[in-house]
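The file upload_28.tsv comes next; it holds TSV, C-alpha atoms.
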chain	number	residue	atom	x	y	z
A	29	MET	CA	3.58	-21.36	5.44
A	30	LEU	CA	0.61	-20.77	7.78
A	31	ASN	CA	-1.91	-23.54	7.03
A	32	ASN	CA	-0.83	-26.23	9.48
A	33	GLY	CA	-0.09	-23.85	12.33
A	34	LEU	CA	-3.41	-21.99	12.13
A	35	ARG	CA	-5.31	-25.26	12.61
A	36	GLN	CA	-3.75	-25.50	16.06
A	37	SER	CA	-3.37	-21.92	17.28
A	38	ALA	CA	-3.80	-18.25	16.37
A	39	ARG	CA	-0.25	-17.58	17.59
A	40	LEU	CA	2.53	-18.91	15.37
A	41	ILE	CA	6.31	-19.29	15.36
A	42	ILE	CA	7.74	-19.83	11.88
A	43	ASP	CA	11.17	-21.43	11.62
A	44	ARG	CA	13.59	-19.66	9.23
A	45	PRO	CA	11.30	-18.67	6.35
A	46	ALA	CA	12.95	-17.94	3.00
A	47	LEU	CA	10.47	-15.10	2.40
A	48	THR	CA	10.65	-11.34	2.88
A	49	ASP	CA	8.91	-9.67	5.80
A	50	ALA	CA	6.82	-7.54	3.43
A	51	TYR	CA	5.51	-10.61	1.62
A	52	MET	CA	4.64	-12.42	4.87
A	53	LYS	CA	2.84	-9.36	6.26
A	54	ARG	CA	0.85	-9.06	3.03
A	55	VAL	CA	-0.18	-12.74	3.26
A	56	ILE	CA	-1.16	-12.31	6.92
A	57	ARG	CA	-3.32	-9.25	6.12
A	58	GLN	CA	-5.04	-11.13	3.28
A	59	ARG	CA	-5.80	-14.09	5.55
A	60	ILE	CA	-7.20	-11.83	8.28
A	61	LYS	CA	-9.37	-10.05	5.71
A	62	SER	CA	-10.74	-13.43	4.57
A	63	GLY	CA	-11.74	-14.26	8.16
A	64	GLN	CA	-8.87	-16.29	9.63
A	65	ALA	CA	-7.97	-15.58	13.26
A	66	ILE	CA	-4.30	-14.62	13.54
A	67	GLU	CA	-3.12	-13.06	16.81
A	68	GLU	CA	0.70	-13.14	16.59
A	69	VAL	CA	3.39	-14.31	14.20
A	70	TRP	CA	6.99	-14.75	15.38
A	71	LEU	CA	10.02	-15.64	13.25
A	72	ARG	CA	12.83	-17.86	14.48
A	73	GLU	CA	16.13	-17.16	12.75
A	74	ASP	CA	19.29	-18.87	14.01
A	75	SER	CA	19.36	-18.22	17.77
A	76	GLU	CA	16.88	-15.34	17.96
A	77	ILE	CA	13.10	-14.98	17.83
A	78	ARG	CA	11.52	-11.75	16.64
A	79	LEU	CA	7.98	-10.49	16.34
A	80	LEU	CA	6.63	-10.01	12.80
A	81	TYR	CA	2.93	-9.34	13.47
A	82	LYS	CA	0.79	-8.72	16.54
A	83	LYS	CA	-2.92	-7.92	16.54
A	84	VAL	CA	-3.62	-4.69	18.39
Kindly transcribe the structure held in the file into structure tokens.
Amino acid sequence: MLNNGLRQSARLIIDRPALTDAYMKRVIRQRIKSGQAIEEVWLREDSEIRLLYKKV
């Protein structure tokens, strides 16, 4: 889900994931804890884009 995008940028847009928000947030937290730089994650669903995670 995140591997290819994180090689290019710390800000991602994921196109229609078939995963729950809770699962994706848990994976993001685990990756940040292991040292990966993730700034923002957006989800694109149909015609809308919504924010899932933003580093504060």
Using all atoms listed in the file, which residues sit within 10 Å of Ile56 (chain A) once same-chain residues fewer than 3 positions away are excluded, as a ChimeraX atom specification? /A:30,50-53,59-62,64-66,68-69,81
What separates CA of Asp74 (chain A) and CA of Gln58 (chain A) is a distance of 27.7 Å
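Nearest to Asp49 (chain A) of all the residues A:Gly63, A:Lys83, A:Leu34, A:Trp70 is A:Trp70, counting all atoms listed in the file.
Atom to atom, CA of Arg39 (chain A) and CA of Glu73 (chain A) stand 17.1 Å apart.
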For region 62-76 of chain A, I'd like the enclosing box, axis-aligned and padded by 5 Å on every side, reported as JSON with centre and edge lengths in Å to one decimal.
{"center_x": 3.8, "center_y": -16.0, "center_z": 11.3, "size_x": 41.1, "size_y": 15.8, "size_z": 23.4}
With all atoms listed in the file as the atoms that count, which of A:Arg54, A:Glu67, A:Leu80, A:Ser75 lies nearest to Ile42 (chain A)? A:Leu80
